[in-house]
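Student: File input12.csv below, CSV, C-alpha atoms:
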```
chain,number,residue,atom,x,y,z
I,72,MET,CA,22.1,113.1,91.1
I,73,LYS,CA,21.3,116.8,90.9
I,74,LYS,CA,21.5,117.1,94.7
I,75,MET,CA,25.1,115.6,94.7
I,76,LEU,CA,26.1,118.2,92.0
I,77,ILE,CA,24.9,121.1,94.1
I,78,VAL,CA,26.6,119.7,97.3
I,79,ALA,CA,29.9,119.1,95.4
I,80,ALA,CA,29.8,122.6,93.9
I,81,SER,CA,29.1,124.4,97.2
I,82,LEU,CA,31.8,122.3,98.9
I,83,LEU,CA,34.3,123.4,96.3
I,84,ILE,CA,33.4,127.1,96.6
I,85,LEU,CA,33.7,126.9,100.4
I,86,ALA,CA,37.0,125.0,100.2
I,87,ALA,CA,38.5,127.6,97.8
I,88,PHE,CA,37.4,130.5,100.0
I,89,PHE,CA,38.7,128.9,103.2
I,90,GLY,CA,41.8,127.7,101.5
I,91,VAL,CA,42.8,131.1,100.2
I,92,MET,CA,42.3,132.5,103.7
I,93,ALA,CA,44.4,129.7,105.2
I,94,MET,CA,47.3,130.2,102.8
I,95,THR,CA,47.6,134.0,103.3
I,96,PHE,CA,47.6,133.7,107.0
I,97,SER,CA,50.9,134.6,108.8
I,98,PHE,CA,51.5,131.4,110.7
I,99,GLY,CA,54.3,131.5,113.2
I,100,SER,CA,54.5,135.2,113.8
I,101,PRO,CA,51.6,136.6,115.8
I,102,LYS,CA,51.0,140.3,115.4
I,103,MET,CA,49.9,141.5,118.9
I,104,THR,CA,51.7,139.9,121.7
I,105,ASP,CA,51.7,142.7,124.4
I,106,MET,CA,49.5,140.9,126.9
I,107,ASP,CA,51.3,137.6,126.6
I,108,ASP,CA,54.7,139.2,126.9
I,109,TYR,CA,53.5,140.8,130.2
I,110,PHE,CA,52.3,137.4,131.4
I,111,LEU,CA,55.6,135.7,130.5
I,112,ARG,CA,57.7,138.3,132.1
I,113,HIS,CA,55.8,138.9,135.3
I,114,GLY,CA,54.0,135.6,135.8
I,115,GLN,CA,56.6,134.1,138.1
I,116,GLU,CA,56.8,136.9,140.6
I,117,GLN,CA,53.0,137.6,140.7
I,118,THR,CA,51.7,134.1,140.9
I,119,GLY,CA,54.7,132.0,142.0
I,120,THR,CA,54.2,129.2,139.5
I,121,ASN,CA,56.6,127.9,136.8
I,122,ASN,CA,53.8,126.8,134.5
I,123,GLN,CA,52.5,129.8,132.7
I,124,CYS,CA,49.4,128.1,131.2
I,125,THR,CA,48.2,127.2,134.7
I,126,SER,CA,48.9,130.6,135.9
I,127,VAL,CA,46.8,132.1,133.1
I,128,THR,CA,44.0,129.6,133.7
I,129,PHE,CA,43.8,129.8,137.4
I,130,ASP,CA,45.1,133.2,138.4
I,131,PHE,CA,45.1,135.8,135.6
I,132,ARG,CA,41.8,134.5,134.1
I,133,GLY,CA,40.2,132.7,137.0
I,134,PHE,CA,36.7,133.8,136.1
I,135,ASP,CA,36.7,131.8,132.9
I,136,THR,CA,37.6,128.7,134.9
I,137,LEU,CA,34.9,129.4,137.4
I,138,GLY,CA,32.3,129.6,134.6
I,139,GLU,CA,33.7,126.4,133.0
I,140,SER,CA,33.4,124.4,136.3
I,141,THR,CA,29.8,125.6,136.6
I,142,VAL,CA,29.0,124.5,133.1
I,143,LEU,CA,30.5,121.1,133.7
I,144,PHE,CA,28.6,120.7,136.9
I,145,CYS,CA,25.3,121.6,135.4
I,146,ALA,CA,25.7,119.3,132.4
I,147,ILE,CA,26.5,116.4,134.7
I,148,ILE,CA,23.4,117.2,136.8
I,149,GLY,CA,21.4,117.2,133.6
I,150,VAL,CA,22.7,113.7,132.6
I,151,ALA,CA,21.8,112.3,136.1
I,152,LEU,CA,18.3,113.8,135.9
I,153,MET,CA,17.7,112.4,132.4
I,154,PHE,CA,18.5,108.8,133.5
I,155,ARG,CA,16.6,109.0,136.7
I,156,LYS,CA,13.6,110.1,134.6
I,157,MET,CA,14.2,107.2,132.2
I,158,GLN,CA,14.1,104.7,135.0
I,159,ALA,CA,11.0,106.2,136.5
I,160,GLY,CA,9.4,106.2,133.1
I,161,ASP,CA,9.9,102.4,132.8
I,162,GLU,CA,8.2,101.8,136.2
I,163,HIS,CA,5.2,103.9,135.2
I,164,GLU,CA,4.7,102.1,131.9
I,165,ASN,CA,4.9,98.7,133.5
I,166,GLU,CA,2.2,99.4,136.0
A,756,MET,CA,30.3,89.5,131.8
A,757,ARG,CA,33.5,88.9,133.9
A,758,MET,CA,36.8,88.6,132.2
A,759,SER,CA,39.3,85.8,132.9
A,760,ARG,CA,41.5,85.7,135.9
A,761,ILE,CA,44.5,87.2,134.2
A,762,VAL,CA,42.6,90.3,133.1
A,763,ARG,CA,41.1,90.8,136.6
A,764,THR,CA,44.5,90.5,138.3
A,765,ALA,CA,46.0,93.0,135.9
A,766,ALA,CA,43.2,95.4,136.6
A,767,ASP,CA,43.7,95.0,140.3
A,768,ILE,CA,47.3,95.9,140.0
A,769,LEU,CA,46.8,98.8,137.5
A,770,TYR,CA,43.9,100.6,139.4
A,771,PRO,CA,46.0,102.0,142.3
A,772,THR,CA,48.8,102.8,139.8
A,773,ILE,CA,46.5,104.9,137.6
A,774,LEU,CA,45.2,106.6,140.7
A,775,ILE,CA,48.6,107.6,141.9
A,776,PHE,CA,49.7,108.8,138.4
A,777,GLY,CA,46.6,110.9,138.1
A,778,LEU,CA,47.1,112.4,141.6
A,779,TYR,CA,50.7,113.2,140.6
A,780,ILE,CA,49.5,115.1,137.5
A,781,ILE,CA,47.0,117.1,139.7
A,782,ALA,CA,49.5,117.9,142.4
A,783,HIS,CA,52.3,119.1,140.2
A,784,GLY,CA,50.1,121.3,138.1
A,785,HIS,CA,52.1,124.4,138.8
A,786,LEU,CA,55.5,122.9,137.8
A,787,THR,CA,55.0,120.5,134.9
A,788,PRO,CA,52.3,120.3,132.1
A,789,GLY,CA,49.1,119.1,133.6
A,790,GLY,CA,46.7,120.5,136.2
A,791,GLY,CA,43.3,119.9,137.5
A,792,PHE,CA,41.3,119.0,134.4
A,793,GLN,CA,43.9,116.7,132.9
A,794,GLY,CA,44.5,114.8,136.1
A,795,GLY,CA,40.8,114.3,136.7
A,796,ALA,CA,40.3,112.9,133.3
A,797,VAL,CA,43.2,110.4,133.8
A,798,ILE,CA,41.7,109.2,137.1
A,799,ALA,CA,38.2,108.7,135.4
A,800,THR,CA,39.7,106.2,133.0
A,801,ALA,CA,40.6,103.9,136.0
A,802,GLY,CA,36.8,103.5,136.6
A,803,ALA,CA,36.4,102.5,133.0
A,804,LEU,CA,39.1,99.9,133.4
A,805,VAL,CA,37.4,98.3,136.4
A,806,ILE,CA,34.1,98.3,134.6
A,807,VAL,CA,35.5,96.4,131.6
A,808,ALA,CA,37.4,93.8,133.7
A,809,TYR,CA,34.7,93.0,136.2
A,810,SER,CA,31.1,93.1,135.0
A,811,TYR,CA,29.0,96.3,135.3
A,812,ALA,CA,26.6,94.8,137.8
A,813,GLU,CA,29.4,94.1,140.3
A,814,VAL,CA,31.0,97.5,140.0
A,815,ARG,CA,27.6,99.2,140.4
A,816,GLU,CA,27.4,97.8,143.9
A,817,TRP,CA,30.6,99.3,145.4
A,818,LEU,CA,30.8,102.5,143.3
A,819,SER,CA,27.7,104.3,144.4
A,820,GLY,CA,26.2,107.4,142.7
A,821,LYS,CA,25.7,109.4,145.9
A,822,VAL,CA,29.4,109.4,146.9
A,823,LEU,CA,30.4,110.6,143.4
A,824,MET,CA,27.8,113.3,143.4
A,825,GLY,CA,29.0,114.4,146.8
A,826,GLN,CA,32.6,114.5,145.5
A,827,GLU,CA,31.6,116.7,142.6
A,828,VAL,CA,29.7,119.1,144.9
A,829,ILE,CA,32.7,119.3,147.3
A,830,GLY,CA,35.0,120.1,144.4
A,831,LEU,CA,32.9,123.1,143.1
A,832,VAL,CA,32.2,124.5,146.6
A,833,GLY,CA,35.9,124.2,147.5
A,834,PHE,CA,36.9,126.1,144.3
A,835,ILE,CA,34.6,129.0,145.1
A,836,GLY,CA,35.5,128.9,148.8
A,837,VAL,CA,39.3,129.2,148.1
A,838,ALA,CA,38.6,132.3,146.0
A,839,LEU,CA,36.2,133.8,148.5
A,840,ILE,CA,38.7,133.7,151.4
A,841,ALA,CA,40.5,136.6,149.6
A,842,PHE,CA,37.8,138.9,151.0
A,843,ALA,CA,39.2,138.2,154.5
A,844,PHE,CA,42.5,139.9,153.5
A,845,GLY,CA,40.8,143.1,152.4
A,846,GLN,CA,41.4,142.4,148.6
A,847,VAL,CA,39.3,141.6,145.6
A,848,PHE,CA,37.8,138.3,144.6
A,849,PHE,CA,40.5,135.8,143.3
A,850,PHE,CA,43.4,137.7,144.8
A,851,ASN,CA,46.4,135.4,145.3
A,852,TYR,CA,46.8,135.7,149.0
A,853,LEU,CA,49.3,132.9,149.5
A,854,ASN,CA,51.9,134.1,147.0
A,855,ALA,CA,55.2,135.0,148.6
A,856,SER,CA,53.8,134.8,152.1
A,857,GLY,CA,55.5,132.7,154.7
A,858,SER,CA,52.8,130.1,155.0
A,859,LEU,CA,51.4,127.1,153.2
A,860,PHE,CA,52.5,127.4,149.5
A,861,GLY,CA,54.4,130.6,149.8
A,862,ILE,CA,58.0,130.6,148.7
A,863,PRO,CA,58.6,133.4,146.2
A,864,VAL,CA,60.0,132.5,142.7
A,865,PRO,CA,62.4,134.8,140.9
A,866,TYR,CA,62.3,135.2,137.1
A,867,GLY,CA,64.2,132.7,135.1
A,868,ILE,CA,64.6,129.0,134.3
A,869,ASN,CA,64.9,126.9,137.5
A,870,ALA,CA,64.4,123.3,138.6
A,871,GLY,CA,61.0,123.9,140.2
A,872,GLU,CA,60.0,123.5,143.9
A,873,LEU,CA,56.8,122.0,145.2
A,874,ASN,CA,56.2,124.6,147.9
A,875,THR,CA,55.6,127.5,145.6
A,876,GLY,CA,52.5,128.6,143.8
A,877,GLY,CA,50.1,130.5,146.0
A,878,PHE,CA,46.6,129.1,146.0
A,879,VAL,CA,47.0,127.4,142.5
A,880,PRO,CA,47.7,123.9,144.0
A,881,LEU,CA,44.6,124.1,146.2
A,882,MET,CA,42.4,125.1,143.2
A,883,ASN,CA,44.0,122.3,141.2
A,884,PHE,CA,42.9,119.8,143.8
A,885,ALA,CA,39.4,121.1,143.9
A,886,VAL,CA,38.9,121.0,140.2
A,887,GLY,CA,40.6,117.5,140.0
A,888,ILE,CA,38.2,116.1,142.5
A,889,GLU,CA,35.2,117.6,140.7
A,890,VAL,CA,36.2,116.3,137.3
A,891,TRP,CA,36.9,112.8,138.7
A,892,GLY,CA,33.5,112.5,140.3
A,893,GLY,CA,31.7,114.0,137.4
A,894,LEU,CA,33.2,111.9,134.6
A,895,THR,CA,32.8,108.6,136.5
A,896,LEU,CA,29.2,109.6,137.3
A,897,VAL,CA,28.5,110.1,133.6
A,898,LEU,CA,30.1,106.8,132.7
A,899,ILE,CA,28.0,104.9,135.3
A,900,TYR,CA,24.7,106.5,134.4
A,901,MET,CA,25.1,106.1,130.6
A,902,LEU,CA,25.9,102.4,131.0
A,903,SER,CA,22.8,101.9,133.1
A,904,GLY,CA,20.6,102.7,130.1
A,905,LEU,CA,21.6,99.6,128.1
A,906,GLU,CA,18.9,97.1,127.6
A,907,LYS,CA,20.8,93.9,127.0
A,908,GLU,CA,23.7,92.7,129.1
A,909,VAL,CA,26.8,93.7,127.1
A,910,CYS,CA,29.4,94.4,129.8
C,1228,MET,CA,52.3,124.8,100.7
C,1229,LEU,CA,53.1,122.6,103.7
C,1230,TRP,CA,54.3,125.2,106.1
C,1231,ASN,CA,50.6,126.0,106.9
C,1232,LEU,CA,49.7,122.4,107.7
C,1233,PRO,CA,47.7,123.1,110.9
C,1234,LEU,CA,45.5,125.6,109.1
C,1235,ILE,CA,44.9,123.3,106.1
C,1236,THR,CA,43.8,120.6,108.7
C,1237,VAL,CA,41.4,123.1,110.2
C,1238,VAL,CA,39.8,123.7,106.8
C,1239,VAL,CA,39.4,120.0,106.1
C,1240,LEU,CA,38.0,119.2,109.5
C,1241,THR,CA,35.5,122.1,109.2
C,1242,LEU,CA,34.2,120.9,105.9
C,1243,ILE,CA,33.9,117.3,107.1
C,1244,GLY,CA,32.0,118.5,110.2
C,1245,LEU,CA,29.6,120.7,108.1
C,1246,VAL,CA,28.8,117.9,105.6
C,1247,THR,CA,28.1,115.5,108.5
C,1248,VAL,CA,25.8,117.8,110.3
C,1249,LEU,CA,23.8,118.8,107.2
C,1250,LEU,CA,23.5,115.6,105.2
C,1251,LYS,CA,23.2,112.6,107.6
C,1252,LYS,CA,20.0,111.0,108.8
C,1253,ASN,CA,21.2,109.2,111.9
C,1254,ILE,CA,21.0,111.4,115.0
C,1255,ILE,CA,24.1,110.1,116.6
C,1256,LYS,CA,26.1,110.8,113.4
C,1257,ILE,CA,24.9,114.4,113.6
C,1258,LEU,CA,26.0,114.8,117.2
C,1259,LEU,CA,29.4,113.4,116.3
C,1260,GLY,CA,29.6,115.9,113.5
C,1261,ILE,CA,29.1,118.7,116.0
C,1262,ASN,CA,32.0,117.2,118.0
C,1263,ILE,CA,34.2,117.3,114.9
C,1264,LEU,CA,33.4,121.0,114.3
C,1265,GLU,CA,34.4,121.7,117.9
C,1266,SER,CA,37.8,120.0,117.4
C,1267,ALA,CA,38.4,122.1,114.3
C,1268,VAL,CA,37.8,125.3,116.2
C,1269,ASN,CA,40.1,124.2,119.1
C,1270,LEU,CA,42.9,123.4,116.7
C,1271,PHE,CA,42.5,126.8,115.1
C,1272,LEU,CA,42.7,128.6,118.4
C,1273,VAL,CA,45.9,126.8,119.5
C,1274,SER,CA,47.6,127.4,116.2
C,1275,LEU,CA,47.0,131.1,116.5
C,1276,GLY,CA,49.5,131.4,119.3
C,1277,TYR,CA,52.5,129.8,117.7
C,1278,ARG,CA,55.9,131.5,117.6
C,1279,GLU,CA,58.5,130.2,115.2
C,1280,GLY,CA,61.1,128.1,117.2
C,1281,GLY,CA,59.4,128.5,120.5
C,1282,VAL,CA,59.0,125.9,123.3
C,1283,ALA,CA,56.2,125.3,125.8
C,1284,PRO,CA,55.7,128.2,128.2
C,1285,ILE,CA,56.9,126.3,131.3
C,1286,PHE,CA,60.0,127.6,133.2
C,1287,THR,CA,60.9,124.3,134.8
C,1288,LEU,CA,64.1,123.1,133.0
C,1289,ALA,CA,63.1,124.8,129.8
C,1290,PRO,CA,65.5,124.5,126.8
C,1291,SER,CA,65.3,128.2,125.8
C,1292,GLU,CA,63.6,131.4,126.7
C,1293,LEU,CA,61.7,131.9,123.5
C,1294,MET,CA,58.2,130.7,124.3
C,1295,VAL,CA,54.9,130.3,122.6
C,1296,LEU,CA,51.9,132.4,123.8
C,1297,PRO,CA,50.1,130.9,126.8
C,1298,THR,CA,46.7,132.6,126.5
C,1299,PRO,CA,45.2,130.6,123.6
C,1300,GLN,CA,46.1,127.4,125.4
C,1301,ALA,CA,44.2,128.5,128.5
C,1302,LEU,CA,41.1,129.3,126.3
C,1303,VAL,CA,41.3,125.9,124.5
C,1304,LEU,CA,41.4,124.1,127.9
C,1305,THR,CA,38.1,125.7,128.8
C,1306,SER,CA,36.6,125.0,125.3
C,1307,ILE,CA,37.5,121.3,125.4
C,1308,VAL,CA,35.9,120.7,128.8
C,1309,ILE,CA,32.7,122.5,127.6
C,1310,GLY,CA,32.7,120.3,124.5
C,1311,VAL,CA,32.9,117.2,126.7
C,1312,ALA,CA,30.0,118.4,128.8
C,1313,THR,CA,27.8,119.3,125.8
C,1314,SER,CA,28.5,116.0,124.1
C,1315,ALA,CA,27.6,114.0,127.2
C,1316,LEU,CA,24.3,115.8,127.6
C,1317,VAL,CA,23.1,115.6,124.0
C,1318,LEU,CA,24.1,111.9,123.7
C,1319,SER,CA,22.0,111.1,126.8
C,1320,PHE,CA,19.2,112.9,125.1
C,1321,ALA,CA,19.7,110.6,122.1
C,1322,MET,CA,19.5,107.6,124.3
C,1323,VAL,CA,16.2,108.7,125.8
C,1324,LEU,CA,14.8,109.5,122.3
C,1325,LYS,CA,15.7,106.0,121.1
C,1326,LYS,CA,13.9,104.5,124.1
C,1327,LYS,CA,10.7,106.5,123.5
C,1328,TYR,CA,10.4,106.4,119.7
C,1329,GLY,CA,12.2,103.1,118.9
C,1330,THR,CA,14.3,104.5,116.1
C,1331,VAL,CA,17.2,107.0,115.5
C,1332,ASP,CA,16.1,108.2,112.1
C,1333,ILE,CA,15.4,111.9,112.3
C,1334,ASN,CA,12.6,111.8,109.8
C,1335,GLU,CA,10.7,109.3,111.9
C,1336,ILE,CA,11.2,111.2,115.1
C,1337,ARG,CA,9.8,114.3,113.5
C,1338,ARG,CA,6.6,112.6,112.3
C,1339,LEU,CA,5.5,110.6,115.3
C,1340,HIS,CA,3.6,112.4,118.0
C,1341,GLY,CA,4.6,110.6,121.2
```
Produce structure tokens that represent the structure in this file.
Tutor:
Amino acid sequence: MKKMLIVAASLLILAAFFGVMAMTFSFGSPKMTDMDDYFLRHGQEQTGTNNQCTSVTFDFRGFDTLGESTVLFCAIIGVALMFRKMQAGDEHENE
Amino acid sequence: MRMSRIVRTAADILYPTILIFGLYIIAHGHLTPGGGFQGGAVIATAGALVIVAYSYAEVREWLSGKVLMGQEVIGLVGFIGVALIAFAFGQVFFFNYLNASGSLFGIPVPYGINAGELNTGGFVPLMNFAVGIEVWGGLTLVLIYMLSGLEKEVC
Amino acid sequence: MLWNLPLITVVVLTLIGLVTVLLKKNIIKILLGINILESAVNLFLVSLGYREGGVAPIFTLAPSELMVLPTPQALVLTSIVIGVATSALVLSFAMVLKKKYGTVDINEIRRLHG
């Protein structure tokens, strides 16, 4: 019973803190838009695409996409390794 | 276990349709919302459909793990290769060497709202294809390996 | 109060994710709580780039020229894919743990010594 009171009290304090921060946030008018205004104005002549999200992902910020592909690749190699070890572990225990 | 004949026939008809729709999302990544990652995830759901309709043991025979792993490797190496070719033009890594040139995807695009043309985009469609093939192979591989760890025969 | 609805959703999802990670005993529920926290962070990043009355930043047959910012959308794309990769890896760890210890209760997994 005492643990539930402590949990509820700390949740209320956190909710109040985050709630005040969420209410006083200026949603719908971002403050610094210089970089994105440059991307929207010069994206079509410098990358040749109509889709500006793809031009930011693959051309203006291509290094982040390279890192992300590598992380995906390594995680899938890890999953494959885990299941090969699991099947080999079964064969060792049955011997 | 195998599903009934109606479900298997519907899966037979839907599998190439999902494949074509996913490849359309990958190929038009520079004109409409979409791109490599989204199209690859759509194609991976086609594998899930076939595993549900036919039983897992049957699908495991014709959808081998080595081909999917090779597909994933080709995707990542292709992505890095397309970016490395920029060194041959005397520029930096990831320079867009096909933009507004005369060759493969090279028609220049002026500023403004237009109807979109497939031949534009520089090397962005090539990178979309590489990433799409990598995500397709990777997510189907994860699906197959995680289902192989089940103890009882559920699907 | 309702004009900030995406940000209120972010607060609610963060609190649900925190409670799930800290108070549950099943290891799979803890890993799903990590996934909920990642969804909250992605929603917050996307809602930072909103311009009032803007459309999607695509020039093919766009209705107007006032567009939202494209950079947070590119960052969130990367973040979602990394979240998928992380979830796949840790859920496969959970499957191997269940096979070795026979239970998914984290108190039991801590006390047995293989």
Student: Please compute the atom CA of Thr95 of chain I-atom CA of Val1237 of chain C distance, one decimal, in Å.
Tutor: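 A separation of 14.3 Å between them.
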Student: Write out as a tab-separated table the residues of chain C that have any atom within 7 Å of an atom of chain I, one row each with the nearest atom pair and its distance in Å to one decimal, counting only C-alpha atoms, sorted by chain and then rising number.
Tutor:
```
residue	atom	partner	partner_atom	distance
C:Asn1231	CA	I:Phe98	CA	6.7
C:Leu1234	CA	I:Ala93	CA	5.8
C:Ile1235	CA	I:Ala93	CA	6.5
C:Val1238	CA	I:Phe89	CA	6.4
C:Gly1276	CA	I:Pro101	CA	6.6
C:Tyr1277	CA	I:Gly99	CA	5.1
C:Arg1278	CA	I:Gly99	CA	4.7
C:Glu1279	CA	I:Gly99	CA	4.8
C:Pro1284	CA	I:Gln123	CA	5.7
C:Ile1285	CA	I:Asn122	CA	4.5
C:Phe1286	CA	I:Asn121	CA	5.0
C:Thr1287	CA	I:Asn121	CA	6.0
C:Leu1296	CA	I:Asp107	CA	5.9
C:Pro1297	CA	I:Cys124	CA	5.3
C:Thr1298	CA	I:Val127	CA	6.6
C:Gln1300	CA	I:Cys124	CA	6.7
C:Ala1301	CA	I:Thr128	CA	5.3
C:Thr1305	CA	I:Glu139	CA	6.1
C:Ile1309	CA	I:Leu143	CA	6.6
C:Ala1312	CA	I:Leu143	CA	5.6
C:Thr1313	CA	I:Ala146	CA	6.9
C:Leu1316	CA	I:Val150	CA	5.7
C:Ser1319	CA	I:Val150	CA	6.4
C:Val1323	CA	I:Met157	CA	6.9
```
Student: Would you save the residues from that selection as a compact mmCIF listing (two decimals), keeping the file's coordinate frame, using C-alpha atoms?
Tutor:
```txt
# COMPACT_ATOMS: atom_id res chain seq x y z
CA ASN C 1231 50.60 126.00 106.90
CA LEU C 1234 45.50 125.60 109.10
CA ILE C 1235 44.90 123.30 106.10
CA VAL C 1238 39.80 123.70 106.80
CA GLY C 1276 49.50 131.40 119.30
CA TYR C 1277 52.50 129.80 117.70
CA ARG C 1278 55.90 131.50 117.60
CA GLU C 1279 58.50 130.20 115.20
CA PRO C 1284 55.70 128.20 128.20
CA ILE C 1285 56.90 126.30 131.30
CA PHE C 1286 60.00 127.60 133.20
CA THR C 1287 60.90 124.30 134.80
CA LEU C 1296 51.90 132.40 123.80
CA PRO C 1297 50.10 130.90 126.80
CA THR C 1298 46.70 132.60 126.50
CA GLN C 1300 46.10 127.40 125.40
CA ALA C 1301 44.20 128.50 128.50
CA THR C 1305 38.10 125.70 128.80
CA ILE C 1309 32.70 122.50 127.60
CA ALA C 1312 30.00 118.40 128.80
CA THR C 1313 27.80 119.30 125.80
CA LEU C 1316 24.30 115.80 127.60
CA SER C 1319 22.00 111.10 126.80
CA VAL C 1323 16.20 108.70 125.80
```
Student: When you look at segment 898-908 of chain A with a cut-off of 10 Å (counting all atoms listed in the file), what residues show up, excluding the ones that are within fewer than 3 positions of it in the same chain? I need them as a PyMOL selection string.
Tutor: (chain I and resi 150-155+157-158) or (chain A and resi 756+799-800+802-803+806+810-812+814-815+818-820+893-895) or (chain C and resi 1315+1318-1319+1322-1323+1326)
Student: Could you pull the residues within 10 Å of segment 1245-1257 of chain C, counting only C-alpha atoms, minus those fewer than 3 positions along the same chain, as a PyMOL selection string?
Tutor: (chain I and resi 78+82) or (chain C and resi 1240-1242+1260-1264+1317-1318+1321-1322+1324-1325+1330-1336)
Student: For the atom pair atom CA of Asn874 of chain A and atom CA of Gly825 of chain A, what is the interatomic distance in Å to one decimal place?
Tutor: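 Pair atom CA of Asn874 of chain A / atom CA of Gly825 of chain A returns 29.1 Å.
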Student: If I take atom CA of Val886 of chain A and atom CA of Val822 of chain A, how far is one from the other in Å, to one decimal?
Tutor: 16.4 Å
Student: Tell me the residues of chain A close to chain C, meaning within 9 Å using only C-alpha atoms, as a ChimeraX atom specification.
Tutor: /A:786-788,792,866-871,897,901,904
Student: In file coordinates, which residues lie within 9 Å of (52.4, 127.3, 146.2) using all atoms listed in the file, given as an MDAnalysis selection string?
Tutor: (chainID I and resid 118:120) or (chainID A and resid 785 853:855 859:863 872:881)
Student: For C-alpha atoms, I'd like the residues from the last selection saved as a CSV table (one decimal), in the frame of the given file.
Tutor:
```csv
chain,number,residue,atom,x,y,z
I,118,THR,CA,51.7,134.1,140.9
I,119,GLY,CA,54.7,132.0,142.0
I,120,THR,CA,54.2,129.2,139.5
A,785,HIS,CA,52.1,124.4,138.8
A,853,LEU,CA,49.3,132.9,149.5
A,854,ASN,CA,51.9,134.1,147.0
A,855,ALA,CA,55.2,135.0,148.6
A,859,LEU,CA,51.4,127.1,153.2
A,860,PHE,CA,52.5,127.4,149.5
A,861,GLY,CA,54.4,130.6,149.8
A,862,ILE,CA,58.0,130.6,148.7
A,863,PRO,CA,58.6,133.4,146.2
A,872,GLU,CA,60.0,123.5,143.9
A,873,LEU,CA,56.8,122.0,145.2
A,874,ASN,CA,56.2,124.6,147.9
A,875,THR,CA,55.6,127.5,145.6
A,876,GLY,CA,52.5,128.6,143.8
A,877,GLY,CA,50.1,130.5,146.0
A,878,PHE,CA,46.6,129.1,146.0
A,879,VAL,CA,47.0,127.4,142.5
A,880,PRO,CA,47.7,123.9,144.0
A,881,LEU,CA,44.6,124.1,146.2
```
Student: Name all residues at most 10 Å from Gln826 of chain A (count all atoms listed in the file; drop same-chain ones fewer than 4 positions away) and give them as a ChimeraX atom specification.
Tutor: /A:820-822,830-831,885,888-893
Student: For chain A, which of I:Ala79, I:His113, I:Val91, I:Met72 is the closest residue, counting only C-alpha atoms?
Tutor: I:His113
Student: Quick one: everything within 10 Å of Gly789 of chain A, counting all atoms listed in the file, minus sequence neighbours fewer than 5 positions away in the same chain. Send it as a PyMOL selection string.
Tutor: (chain I and resi 122+124-125) or (chain A and resi 777+779-784+794+883)
Student: Using the selection just defined, write its residues with C-alpha atoms as a PDB file, in the frame of the given file.
Tutor:
```
ATOM      1  CA  ASN I 122      53.800 126.800 134.500  1.00  0.00           C
ATOM      2  CA  CYS I 124      49.400 128.100 131.200  1.00  0.00           C
ATOM      3  CA  THR I 125      48.200 127.200 134.700  1.00  0.00           C
TER       4      THR I 125
ATOM      5  CA  GLY A 777      46.600 110.900 138.100  1.00  0.00           C
ATOM      6  CA  TYR A 779      50.700 113.200 140.600  1.00  0.00           C
ATOM      7  CA  ILE A 780      49.500 115.100 137.500  1.00  0.00           C
ATOM      8  CA  ILE A 781      47.000 117.100 139.700  1.00  0.00           C
ATOM      9  CA  ALA A 782      49.500 117.900 142.400  1.00  0.00           C
ATOM     10  CA  HIS A 783      52.300 119.100 140.200  1.00  0.00           C
ATOM     11  CA  GLY A 784      50.100 121.300 138.100  1.00  0.00           C
ATOM     12  CA  GLY A 794      44.500 114.800 136.100  1.00  0.00           C
ATOM     13  CA  ASN A 883      44.000 122.300 141.200  1.00  0.00           C
TER      14      ASN A 883
END
```
Student: Find, counting all atoms listed in the file, the residue in I:Asp105, I:Phe134, I:Lys74, I:Ser81 that gets nearest to chain A.
Tutor: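 Closest candidate: I:Phe134.
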Student: Hey, what's within 8 Å of Met882 of chain A if we count only C-alpha atoms and toss same-chain stuff fewer than 6 positions away? As a list in words, please?
Tutor: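 So the residues in contact are Phe129 of chain I; Gly791, Gly833, Phe834 and Val837 of chain A.
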Student: Which residue is closest to Val807 of chain A? Choose from A:Thr764, A:Gly857, A:Met758, A:Gly887 and count all atoms listed in the file.
Tutor: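 Checking each of A:Thr764, A:Gly857, A:Met758, A:Gly887 against Val807 of chain A, counting all atoms listed in the file, the winner is A:Met758.
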Student: Pick from C:Trp1230, C:Met1294, C:Pro1299, C:Ile1307: nearest to Arg112 of chain I, with all atoms listed in the file counted?
Tutor: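 So, comparing all the options, the nearest one is C:Met1294.
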Student: Would you mind telling me which residue in A:Ile840, A:Ile829, A:Val805, A:Leu774 lies nearest to chain I when using only C-alpha atoms?
Tutor: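 Looking only at the distances to chain I, the closest residue turns out to be A:Ile829.
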Student: Starting from the incomplete input, reconstruct N, CA and C atoms of segment 1310-1315 of chain C and write that as a PDB file, in the frame of the given file.
Tutor:
```
ATOM      1  N   GLY C1310      33.098 121.266 125.557  1.00  0.00           N
ATOM      2  CA  GLY C1310      32.700 120.300 124.500  1.00  0.00           C
ATOM      3  C   GLY C1310      32.353 118.967 125.053  1.00  0.00           C
ATOM      4  N   VAL C1311      33.146 118.497 126.025  1.00  0.00           N
ATOM      5  CA  VAL C1311      32.900 117.200 126.700  1.00  0.00           C
ATOM      6  C   VAL C1311      31.510 117.235 127.349  1.00  0.00           C
ATOM      7  N   ALA C1312      31.242 118.316 128.085  1.00  0.00           N
ATOM      8  CA  ALA C1312      30.000 118.400 128.800  1.00  0.00           C
ATOM      9  C   ALA C1312      28.794 118.426 127.869  1.00  0.00           C
ATOM     10  N   THR C1313      28.916 119.210 126.783  1.00  0.00           N
ATOM     11  CA  THR C1313      27.800 119.300 125.800  1.00  0.00           C
ATOM     12  C   THR C1313      27.578 117.946 125.140  1.00  0.00           C
ATOM     13  N   SER C1314      28.662 117.251 124.757  1.00  0.00           N
ATOM     14  CA  SER C1314      28.500 116.000 124.100  1.00  0.00           C
ATOM     15  C   SER C1314      27.831 114.956 125.014  1.00  0.00           C
ATOM     16  N   ALA C1315      28.223 114.944 126.306  1.00  0.00           N
ATOM     17  CA  ALA C1315      27.600 114.000 127.200  1.00  0.00           C
ATOM     18  C   ALA C1315      26.109 114.246 127.343  1.00  0.00           C
TER      19      ALA C1315
END
```
